[in-house]
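Novice: Please read through the structure below; I'll follow up with questions.
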Amino acid sequence: MVDYNKLYNTYTTNKPAGKEIDFNAILSPYAQQCNIVITEDEIILGTDNNPLNKLPQKNIFAIVEEENEIHIILRASIYTIDKKTGAIRLNIRNL
């Protein structure tokens, strides 16, 4: 089980990493299988036109890749993508 509090404490600093992250290098291998679209300004997860699925790159603190999952870390939420199924879970931080 992922320790979301540890991820928040480790990666949410004063300023999002945003454009410093190479989104293409990390997410492209999973783009087709997990329905990830990488635009110039956003990461779009899934196929529905839901505002929660559009992540502005400037708000992303880190992307952590583990054996079976990818975690996209924002200040108050973490999107977890299952590499095998493409399922997305959303953890909302208790502030």
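Letters A, B, ... mark the chains of the structure tokens in the order given; residue numbers begin at 1 per chain; ligand numbers begin at 1, in order shown.
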When you look at Phe23 in chain A with a cut-off of 12 Å (counting only C-alpha atoms), what residues show up, excluding the ones that are within fewer than 3 positions of it in the same chain? I need them as a PDB file with all heavy atoms, in the first residue's frame.
Specialist:
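This is the output file result-v9.pdb:
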```pdb
ATOM      1  N   ALA A  17       7.635  21.609  -9.612  1.00  0.00           N
ATOM      2  CA  ALA A  17       8.736  21.413 -10.558  1.00  0.00           C
ATOM      3  C   ALA A  17       8.308  21.770 -11.979  1.00  0.00           C
ATOM      4  O   ALA A  17       9.105  22.240 -12.778  1.00  0.00           O
ATOM      5  CB  ALA A  17       9.229  19.975 -10.495  1.00  0.00           C
ATOM      6  N   GLY A  18       7.026  21.531 -12.298  1.00  0.00           N
ATOM      7  CA  GLY A  18       6.453  21.913 -13.583  1.00  0.00           C
ATOM      8  C   GLY A  18       7.291  21.552 -14.779  1.00  0.00           C
ATOM      9  O   GLY A  18       7.515  20.388 -15.076  1.00  0.00           O
ATOM     10  N   LYS A  19       7.767  22.553 -15.503  1.00  0.00           N
ATOM     11  CA  LYS A  19       8.472  22.345 -16.775  1.00  0.00           C
ATOM     12  C   LYS A  19       9.825  21.663 -16.615  1.00  0.00           C
ATOM     13  O   LYS A  19      10.431  21.249 -17.589  1.00  0.00           O
ATOM     14  CB  LYS A  19       8.655  23.689 -17.496  1.00  0.00           C
ATOM     15  CG  LYS A  19       7.348  24.349 -17.900  1.00  0.00           C
ATOM     16  CD  LYS A  19       6.672  23.594 -19.011  1.00  0.00           C
ATOM     17  CE  LYS A  19       5.418  24.306 -19.460  1.00  0.00           C
ATOM     18  NZ  LYS A  19       4.710  23.620 -20.490  1.00  0.00           N
ATOM     19  N   GLU A  20      10.314  21.522 -15.394  1.00  0.00           N
ATOM     20  CA  GLU A  20      11.590  20.833 -15.178  1.00  0.00           C
ATOM     21  C   GLU A  20      11.461  19.321 -15.335  1.00  0.00           C
ATOM     22  O   GLU A  20      12.441  18.621 -15.491  1.00  0.00           O
ATOM     23  CB  GLU A  20      12.131  21.163 -13.789  1.00  0.00           C
ATOM     24  CG  GLU A  20      12.431  22.634 -13.597  1.00  0.00           C
ATOM     25  CD  GLU A  20      12.739  22.978 -12.160  1.00  0.00           C
ATOM     26  OE1 GLU A  20      13.039  22.069 -11.364  1.00  0.00           O
ATOM     27  OE2 GLU A  20      12.683  24.168 -11.827  1.00  0.00           O
ATOM     28  N   ILE A  26       8.852  10.127 -19.149  1.00  0.00           N
ATOM     29  CA  ILE A  26       8.270   9.302 -18.094  1.00  0.00           C
ATOM     30  C   ILE A  26       6.946   8.674 -18.516  1.00  0.00           C
ATOM     31  O   ILE A  26       6.697   7.495 -18.275  1.00  0.00           O
ATOM     32  CB  ILE A  26       8.065  10.144 -16.815  1.00  0.00           C
ATOM     33  CG1 ILE A  26       9.408  10.672 -16.318  1.00  0.00           C
ATOM     34  CG2 ILE A  26       7.372   9.319 -15.727  1.00  0.00           C
ATOM     35  CD1 ILE A  26       9.292  11.724 -15.232  1.00  0.00           C
ATOM     36  N   LEU A  27       6.074   9.458 -19.150  1.00  0.00           N
ATOM     37  CA  LEU A  27       4.706   9.008 -19.402  1.00  0.00           C
ATOM     38  C   LEU A  27       4.455   8.407 -20.787  1.00  0.00           C
ATOM     39  O   LEU A  27       3.517   7.639 -20.960  1.00  0.00           O
ATOM     40  CB  LEU A  27       3.727  10.161 -19.169  1.00  0.00           C
ATOM     41  CG  LEU A  27       3.682  10.712 -17.743  1.00  0.00           C
ATOM     42  CD1 LEU A  27       2.784  11.934 -17.680  1.00  0.00           C
ATOM     43  CD2 LEU A  27       3.223   9.653 -16.769  1.00  0.00           C
ATOM     44  N   SER A  28       5.265   8.754 -21.769  1.00  0.00           N
ATOM     45  CA  SER A  28       5.035   8.262 -23.133  1.00  0.00           C
ATOM     46  C   SER A  28       4.943   6.741 -23.257  1.00  0.00           C
ATOM     47  O   SER A  28       4.109   6.241 -24.001  1.00  0.00           O
ATOM     48  CB  SER A  28       6.100   8.793 -24.087  1.00  0.00           C
ATOM     49  OG  SER A  28       5.879  10.149 -24.327  1.00  0.00           O
ATOM     50  N   PRO A  29       5.781   5.969 -22.544  1.00  0.00           N
ATOM     51  CA  PRO A  29       5.660   4.514 -22.675  1.00  0.00           C
ATOM     52  C   PRO A  29       4.287   3.969 -22.258  1.00  0.00           C
ATOM     53  O   PRO A  29       3.914   2.871 -22.637  1.00  0.00           O
ATOM     54  CB  PRO A  29       6.754   3.984 -21.747  1.00  0.00           C
ATOM     55  CG  PRO A  29       7.730   5.098 -21.623  1.00  0.00           C
ATOM     56  CD  PRO A  29       6.925   6.353 -21.724  1.00  0.00           C
ATOM     57  N   TYR A  30       3.536   4.734 -21.488  1.00  0.00           N
ATOM     58  CA  TYR A  30       2.234   4.286 -20.984  1.00  0.00           C
ATOM     59  C   TYR A  30       1.074   5.052 -21.612  1.00  0.00           C
ATOM     60  O   TYR A  30      -0.076   4.814 -21.270  1.00  0.00           O
ATOM     61  CB  TYR A  30       2.182   4.442 -19.460  1.00  0.00           C
ATOM     62  CG  TYR A  30       3.398   3.861 -18.801  1.00  0.00           C
ATOM     63  CD1 TYR A  30       4.425   4.675 -18.354  1.00  0.00           C
ATOM     64  CD2 TYR A  30       3.542   2.481 -18.671  1.00  0.00           C
ATOM     65  CE1 TYR A  30       5.565   4.137 -17.770  1.00  0.00           C
ATOM     66  CE2 TYR A  30       4.680   1.933 -18.107  1.00  0.00           C
ATOM     67  CZ  TYR A  30       5.682   2.770 -17.656  1.00  0.00           C
ATOM     68  OH  TYR A  30       6.807   2.226 -17.097  1.00  0.00           O
ATOM     69  N   ALA A  31       1.367   5.943 -22.523  1.00  0.00           N
ATOM     70  CA  ALA A  31       0.342   6.837 -23.078  1.00  0.00           C
ATOM     71  C   ALA A  31      -0.804   6.085 -23.736  1.00  0.00           C
ATOM     72  O   ALA A  31      -1.967   6.362 -23.464  1.00  0.00           O
ATOM     73  CB  ALA A  31       0.978   7.818 -24.062  1.00  0.00           C
ATOM     74  N   ILE A  36      -3.175   8.383 -21.793  1.00  0.00           N
ATOM     75  CA  ILE A  36      -2.542   9.615 -21.332  1.00  0.00           C
ATOM     76  C   ILE A  36      -2.198  10.457 -22.549  1.00  0.00           C
ATOM     77  O   ILE A  36      -1.574   9.973 -23.488  1.00  0.00           O
ATOM     78  CB  ILE A  36      -1.254   9.320 -20.535  1.00  0.00           C
ATOM     79  CG1 ILE A  36      -1.573   8.459 -19.304  1.00  0.00           C
ATOM     80  CG2 ILE A  36      -0.557  10.603 -20.132  1.00  0.00           C
ATOM     81  CD1 ILE A  36      -0.344   7.946 -18.588  1.00  0.00           C
ATOM     82  N   VAL A  37      -2.605  11.718 -22.528  1.00  0.00           N
ATOM     83  CA  VAL A  37      -2.262  12.656 -23.596  1.00  0.00           C
ATOM     84  C   VAL A  37      -1.399  13.745 -22.976  1.00  0.00           C
ATOM     85  O   VAL A  37      -1.762  14.338 -21.950  1.00  0.00           O
ATOM     86  CB  VAL A  37      -3.529  13.271 -24.234  1.00  0.00           C
ATOM     87  CG1 VAL A  37      -3.156  14.306 -25.271  1.00  0.00           C
ATOM     88  CG2 VAL A  37      -4.396  12.183 -24.845  1.00  0.00           C
ATOM     89  N   ILE A  38      -0.263  14.005 -23.613  1.00  0.00           N
ATOM     90  CA  ILE A  38       0.653  15.033 -23.127  1.00  0.00           C
ATOM     91  C   ILE A  38       0.623  16.185 -24.117  1.00  0.00           C
ATOM     92  O   ILE A  38       1.004  16.026 -25.279  1.00  0.00           O
ATOM     93  CB  ILE A  38       2.087  14.471 -23.009  1.00  0.00           C
ATOM     94  CG1 ILE A  38       2.096  13.239 -22.102  1.00  0.00           C
ATOM     95  CG2 ILE A  38       3.043  15.541 -22.497  1.00  0.00           C
ATOM     96  CD1 ILE A  38       3.352  12.412 -22.190  1.00  0.00           C
ATOM     97  N   THR A  39       0.134  17.339 -23.671  1.00  0.00           N
ATOM     98  CA  THR A  39       0.132  18.531 -24.516  1.00  0.00           C
ATOM     99  C   THR A  39       1.242  19.459 -24.027  1.00  0.00           C
ATOM    100  O   THR A  39       1.978  19.120 -23.098  1.00  0.00           O
ATOM    101  CB  THR A  39      -1.221  19.266 -24.464  1.00  0.00           C
ATOM    102  OG1 THR A  39      -1.389  19.851 -23.169  1.00  0.00           O
ATOM    103  CG2 THR A  39      -2.383  18.324 -24.770  1.00  0.00           C
ATOM    104  N   GLU A  40       1.323  20.611 -24.626  1.00  0.00           N
ATOM    105  CA  GLU A  40       2.352  21.561 -24.236  1.00  0.00           C
ATOM    106  C   GLU A  40       2.161  22.050 -22.797  1.00  0.00           C
ATOM    107  O   GLU A  40       3.131  22.318 -22.094  1.00  0.00           O
ATOM    108  CB  GLU A  40       2.335  22.759 -25.183  1.00  0.00           C
ATOM    109  CG  GLU A  40       3.519  23.674 -25.014  1.00  0.00           C
ATOM    110  CD  GLU A  40       3.563  24.728 -26.101  1.00  0.00           C
ATOM    111  OE1 GLU A  40       3.392  24.389 -27.278  1.00  0.00           O
ATOM    112  OE2 GLU A  40       3.772  25.894 -25.730  1.00  0.00           O
ATOM    113  N   ASP A  41       0.906  22.132 -22.343  1.00  0.00           N
ATOM    114  CA  ASP A  41       0.624  22.695 -21.025  1.00  0.00           C
ATOM    115  C   ASP A  41      -0.052  21.753 -20.046  1.00  0.00           C
ATOM    116  O   ASP A  41      -0.139  22.048 -18.863  1.00  0.00           O
ATOM    117  CB  ASP A  41      -0.270  23.936 -21.171  1.00  0.00           C
ATOM    118  CG  ASP A  41       0.409  25.034 -21.967  1.00  0.00           C
ATOM    119  OD1 ASP A  41       1.616  25.258 -21.768  1.00  0.00           O
ATOM    120  OD2 ASP A  41      -0.278  25.660 -22.796  1.00  0.00           O
ATOM    121  N   GLU A  42      -0.585  20.622 -20.530  1.00  0.00           N
ATOM    122  CA  GLU A  42      -1.380  19.753 -19.675  1.00  0.00           C
ATOM    123  C   GLU A  42      -1.027  18.287 -19.851  1.00  0.00           C
ATOM    124  O   GLU A  42      -0.511  17.882 -20.883  1.00  0.00           O
ATOM    125  CB  GLU A  42      -2.876  19.873 -20.013  1.00  0.00           C
ATOM    126  CG  GLU A  42      -3.509  21.180 -19.712  1.00  0.00           C
ATOM    127  CD  GLU A  42      -4.988  21.191 -20.101  1.00  0.00           C
ATOM    128  OE1 GLU A  42      -5.344  20.670 -21.177  1.00  0.00           O
ATOM    129  OE2 GLU A  42      -5.773  21.726 -19.318  1.00  0.00           O
ATOM    130  N   ILE A  43      -1.364  17.527 -18.817  1.00  0.00           N
ATOM    131  CA  ILE A  43      -1.385  16.078 -18.892  1.00  0.00           C
ATOM    132  C   ILE A  43      -2.865  15.713 -18.787  1.00  0.00           C
ATOM    133  O   ILE A  43      -3.537  16.100 -17.827  1.00  0.00           O
ATOM    134  CB  ILE A  43      -0.615  15.421 -17.727  1.00  0.00           C
ATOM    135  CG1 ILE A  43       0.821  15.935 -17.656  1.00  0.00           C
ATOM    136  CG2 ILE A  43      -0.685  13.909 -17.818  1.00  0.00           C
ATOM    137  CD1 ILE A  43       1.671  15.618 -18.844  1.00  0.00           C
ATOM    138  N   ILE A  44      -3.378  14.987 -19.760  1.00  0.00           N
ATOM    139  CA  ILE A  44      -4.789  14.617 -19.775  1.00  0.00           C
ATOM    140  C   ILE A  44      -4.875  13.108 -19.551  1.00  0.00           C
ATOM    141  O   ILE A  44      -4.276  12.328 -20.287  1.00  0.00           O
ATOM    142  CB  ILE A  44      -5.467  15.015 -21.097  1.00  0.00           C
ATOM    143  CG1 ILE A  44      -5.307  16.524 -21.320  1.00  0.00           C
ATOM    144  CG2 ILE A  44      -6.943  14.618 -21.089  1.00  0.00           C
ATOM    145  CD1 ILE A  44      -5.662  16.986 -22.714  1.00  0.00           C
ATOM    146  N   LEU A  55      -4.499  17.931 -15.921  1.00  0.00           N
ATOM    147  CA  LEU A  55      -3.530  18.405 -14.934  1.00  0.00           C
ATOM    148  C   LEU A  55      -2.593  19.416 -15.572  1.00  0.00           C
ATOM    149  O   LEU A  55      -1.797  19.053 -16.444  1.00  0.00           O
ATOM    150  CB  LEU A  55      -2.716  17.229 -14.394  1.00  0.00           C
ATOM    151  CG  LEU A  55      -3.502  15.990 -13.948  1.00  0.00           C
ATOM    152  CD1 LEU A  55      -2.551  14.901 -13.524  1.00  0.00           C
ATOM    153  CD2 LEU A  55      -4.456  16.358 -12.845  1.00  0.00           C
ATOM    154  N   PRO A  56      -2.648  20.681 -15.154  1.00  0.00           N
ATOM    155  CA  PRO A  56      -1.699  21.658 -15.681  1.00  0.00           C
ATOM    156  C   PRO A  56      -0.271  21.267 -15.283  1.00  0.00           C
ATOM    157  O   PRO A  56      -0.003  20.990 -14.106  1.00  0.00           O
ATOM    158  CB  PRO A  56      -2.109  22.968 -15.018  1.00  0.00           C
ATOM    159  CG  PRO A  56      -3.512  22.750 -14.559  1.00  0.00           C
ATOM    160  CD  PRO A  56      -3.616  21.282 -14.259  1.00  0.00           C
ATOM    161  N   GLN A  57       0.617  21.215 -16.241  1.00  0.00           N
ATOM    162  CA  GLN A  57       1.994  20.815 -15.962  1.00  0.00           C
ATOM    163  C   GLN A  57       2.640  21.734 -14.930  1.00  0.00           C
ATOM    164  O   GLN A  57       3.438  21.276 -14.115  1.00  0.00           O
ATOM    165  CB  GLN A  57       2.808  20.807 -17.247  1.00  0.00           C
ATOM    166  CG  GLN A  57       2.409  19.712 -18.194  1.00  0.00           C
ATOM    167  CD  GLN A  57       3.240  19.696 -19.458  1.00  0.00           C
ATOM    168  OE1 GLN A  57       4.243  20.387 -19.572  1.00  0.00           O
ATOM    169  NE2 GLN A  57       2.811  18.901 -20.436  1.00  0.00           N
ATOM    170  N   LYS A  58       2.274  22.986 -14.929  1.00  0.00           N
ATOM    171  CA  LYS A  58       2.882  23.950 -13.994  1.00  0.00           C
ATOM    172  C   LYS A  58       2.525  23.643 -12.535  1.00  0.00           C
ATOM    173  O   LYS A  58       3.189  24.127 -11.631  1.00  0.00           O
ATOM    174  CB  LYS A  58       2.464  25.373 -14.347  1.00  0.00           C
ATOM    175  CG  LYS A  58       0.992  25.632 -14.154  1.00  0.00           C
ATOM    176  CD  LYS A  58       0.628  27.044 -14.526  1.00  0.00           C
ATOM    177  CE  LYS A  58      -0.868  27.264 -14.247  1.00  0.00           C
ATOM    178  NZ  LYS A  58      -1.260  28.615 -14.509  1.00  0.00           N
ATOM    179  N   ILE A  60       2.369  20.462 -11.244  1.00  0.00           N
ATOM    180  CA  ILE A  60       2.876  19.144 -10.867  1.00  0.00           C
ATOM    181  C   ILE A  60       4.212  19.288 -10.144  1.00  0.00           C
ATOM    182  O   ILE A  60       5.138  19.923 -10.640  1.00  0.00           O
ATOM    183  CB  ILE A  60       3.009  18.237 -12.108  1.00  0.00           C
ATOM    184  CG1 ILE A  60       1.624  18.017 -12.723  1.00  0.00           C
ATOM    185  CG2 ILE A  60       3.671  16.908 -11.745  1.00  0.00           C
ATOM    186  CD1 ILE A  60       1.628  17.262 -14.030  1.00  0.00           C
ATOM    187  N   PHE A  61       4.281  18.682  -8.961  1.00  0.00           N
ATOM    188  CA  PHE A  61       5.507  18.724  -8.162  1.00  0.00           C
ATOM    189  C   PHE A  61       6.476  17.620  -8.554  1.00  0.00           C
ATOM    190  O   PHE A  61       7.678  17.829  -8.590  1.00  0.00           O
ATOM    191  CB  PHE A  61       5.170  18.600  -6.674  1.00  0.00           C
ATOM    192  CG  PHE A  61       4.654  19.874  -6.077  1.00  0.00           C
ATOM    193  CD1 PHE A  61       3.319  20.217  -6.190  1.00  0.00           C
ATOM    194  CD2 PHE A  61       5.503  20.746  -5.418  1.00  0.00           C
ATOM    195  CE1 PHE A  61       2.841  21.393  -5.649  1.00  0.00           C
ATOM    196  CE2 PHE A  61       5.026  21.922  -4.875  1.00  0.00           C
ATOM    197  CZ  PHE A  61       3.690  22.254  -4.985  1.00  0.00           C
ATOM    198  N   ALA A  62       5.941  16.431  -8.830  1.00  0.00           N
ATOM    199  CA  ALA A  62       6.809  15.298  -9.176  1.00  0.00           C
ATOM    200  C   ALA A  62       5.987  14.196  -9.814  1.00  0.00           C
ATOM    201  O   ALA A  62       4.770  14.137  -9.649  1.00  0.00           O
ATOM    202  CB  ALA A  62       7.505  14.765  -7.928  1.00  0.00           C
ATOM    203  N   ILE A  63       6.689  13.323 -10.528  1.00  0.00           N
ATOM    204  CA  ILE A  63       6.110  12.079 -11.022  1.00  0.00           C
ATOM    205  C   ILE A  63       7.020  10.971 -10.502  1.00  0.00           C
ATOM    206  O   ILE A  63       8.227  10.973 -10.764  1.00  0.00           O
ATOM    207  CB  ILE A  63       6.015  12.044 -12.550  1.00  0.00           C
ATOM    208  CG1 ILE A  63       5.080  13.148 -13.039  1.00  0.00           C
ATOM    209  CG2 ILE A  63       5.526  10.671 -13.015  1.00  0.00           C
ATOM    210  CD1 ILE A  63       4.920  13.206 -14.537  1.00  0.00           C
ATOM    211  N   VAL A  64       6.424  10.055  -9.752  1.00  0.00           N
ATOM    212  CA  VAL A  64       7.190   8.966  -9.149  1.00  0.00           C
ATOM    213  C   VAL A  64       6.732   7.662  -9.793  1.00  0.00           C
ATOM    214  O   VAL A  64       5.562   7.310  -9.741  1.00  0.00           O
ATOM    215  CB  VAL A  64       6.959   8.923  -7.620  1.00  0.00           C
ATOM    216  CG1 VAL A  64       7.701   7.751  -7.001  1.00  0.00           C
ATOM    217  CG2 VAL A  64       7.385  10.240  -6.986  1.00  0.00           C
ATOM    218  N   GLU A  65       7.699   6.971 -10.381  1.00  0.00           N
ATOM    219  CA  GLU A  65       7.385   5.703 -11.046  1.00  0.00           C
ATOM    220  C   GLU A  65       7.819   4.555 -10.152  1.00  0.00           C
ATOM    221  O   GLU A  65       8.958   4.501  -9.690  1.00  0.00           O
ATOM    222  CB  GLU A  65       8.111   5.638 -12.392  1.00  0.00           C
ATOM    223  CG  GLU A  65       7.728   4.449 -13.199  1.00  0.00           C
ATOM    224  CD  GLU A  65       8.315   4.476 -14.597  1.00  0.00           C
ATOM    225  OE1 GLU A  65       9.003   5.435 -14.967  1.00  0.00           O
ATOM    226  OE2 GLU A  65       8.069   3.500 -15.323  1.00  0.00           O
ATOM    227  N   ILE A  70       2.331   4.615 -11.337  1.00  0.00           N
ATOM    228  CA  ILE A  70       2.937   5.930 -11.529  1.00  0.00           C
ATOM    229  C   ILE A  70       2.131   6.899 -10.673  1.00  0.00           C
ATOM    230  O   ILE A  70       0.903   6.892 -10.710  1.00  0.00           O
ATOM    231  CB  ILE A  70       2.860   6.374 -13.003  1.00  0.00           C
ATOM    232  CG1 ILE A  70       3.571   5.385 -13.908  1.00  0.00           C
ATOM    233  CG2 ILE A  70       3.438   7.779 -13.166  1.00  0.00           C
ATOM    234  CD1 ILE A  70       3.305   5.601 -15.375  1.00  0.00           C
ATOM    235  N   ILE A  72       1.416  10.872  -9.876  1.00  0.00           N
ATOM    236  CA  ILE A  72       1.574  12.270 -10.293  1.00  0.00           C
ATOM    237  C   ILE A  72       1.182  13.108  -9.086  1.00  0.00           C
ATOM    238  O   ILE A  72       0.034  13.088  -8.644  1.00  0.00           O
ATOM    239  CB  ILE A  72       0.699  12.595 -11.515  1.00  0.00           C
ATOM    240  CG1 ILE A  72       1.067  11.673 -12.675  1.00  0.00           C
ATOM    241  CG2 ILE A  72       0.865  14.067 -11.898  1.00  0.00           C
ATOM    242  CD1 ILE A  72       0.190  11.830 -13.906  1.00  0.00           C
TER     243      ILE A  72
END
```
Novice: So that I can check the secondary structure, give me every residue of chain A assigned helix (DSSP H, G or I) by backbone DSSP, as an MDAnalysis selection string.
Specialist: chainID A and resid 4:11 18:20 23:34 51:53 57:59
Novice: Separation of CA of Ala25 in chain A and CA of Asn50 in chain A, in Å?
Specialist: 24.8 Å
Novice: Taking the chain letters and numbering used in this document, name the residues of chain A that DSSP puts in strand (DSSP E), as a ChimeraX atom specification.
Specialist: /A:36-38,42-45,54-56,62-65,69-73,77-82,88-92
Novice: Can you measure CA of Arg75 in chain A to CA of Tyr8 in chain A for me? One decimal in Å is fine.
Specialist: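 So the answer is 7.4 Å.
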Novice: So that I can check the surroundings of Ile92 in chain A, please list as a list in words every protein, DNA and RNA residue that reaches within 7 Å of it, counting only C-alpha atoms and ignoring chain neighbours fewer than 4 positions away.
Specialist: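 Listing them by chain and then by number gives Ala76, Ser77 and Ile78 of chain A.
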Novice: Could you please determine the separation between CA of Lys84 in chain A and CA of Pro16 in chain A in Å, to one decimal place?
Specialist: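 It comes out at 27.8 Å.
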Novice: Could you check which of A:Cys34, A:Arg89, A:Glu66, A:Val2 is closest to Leu52 in chain A, using only C-alpha atoms?
Specialist: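 With only C-alpha atoms as the atom set, the closest residue is A:Arg89.
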Novice: Compare A:Ile81, A:Ile21, A:Ile88, A:Leu74 by their minimum atom-to-atom distance to Leu7 in chain A, counting only C-alpha atoms, and give me the closest one.
Specialist: A:Leu74
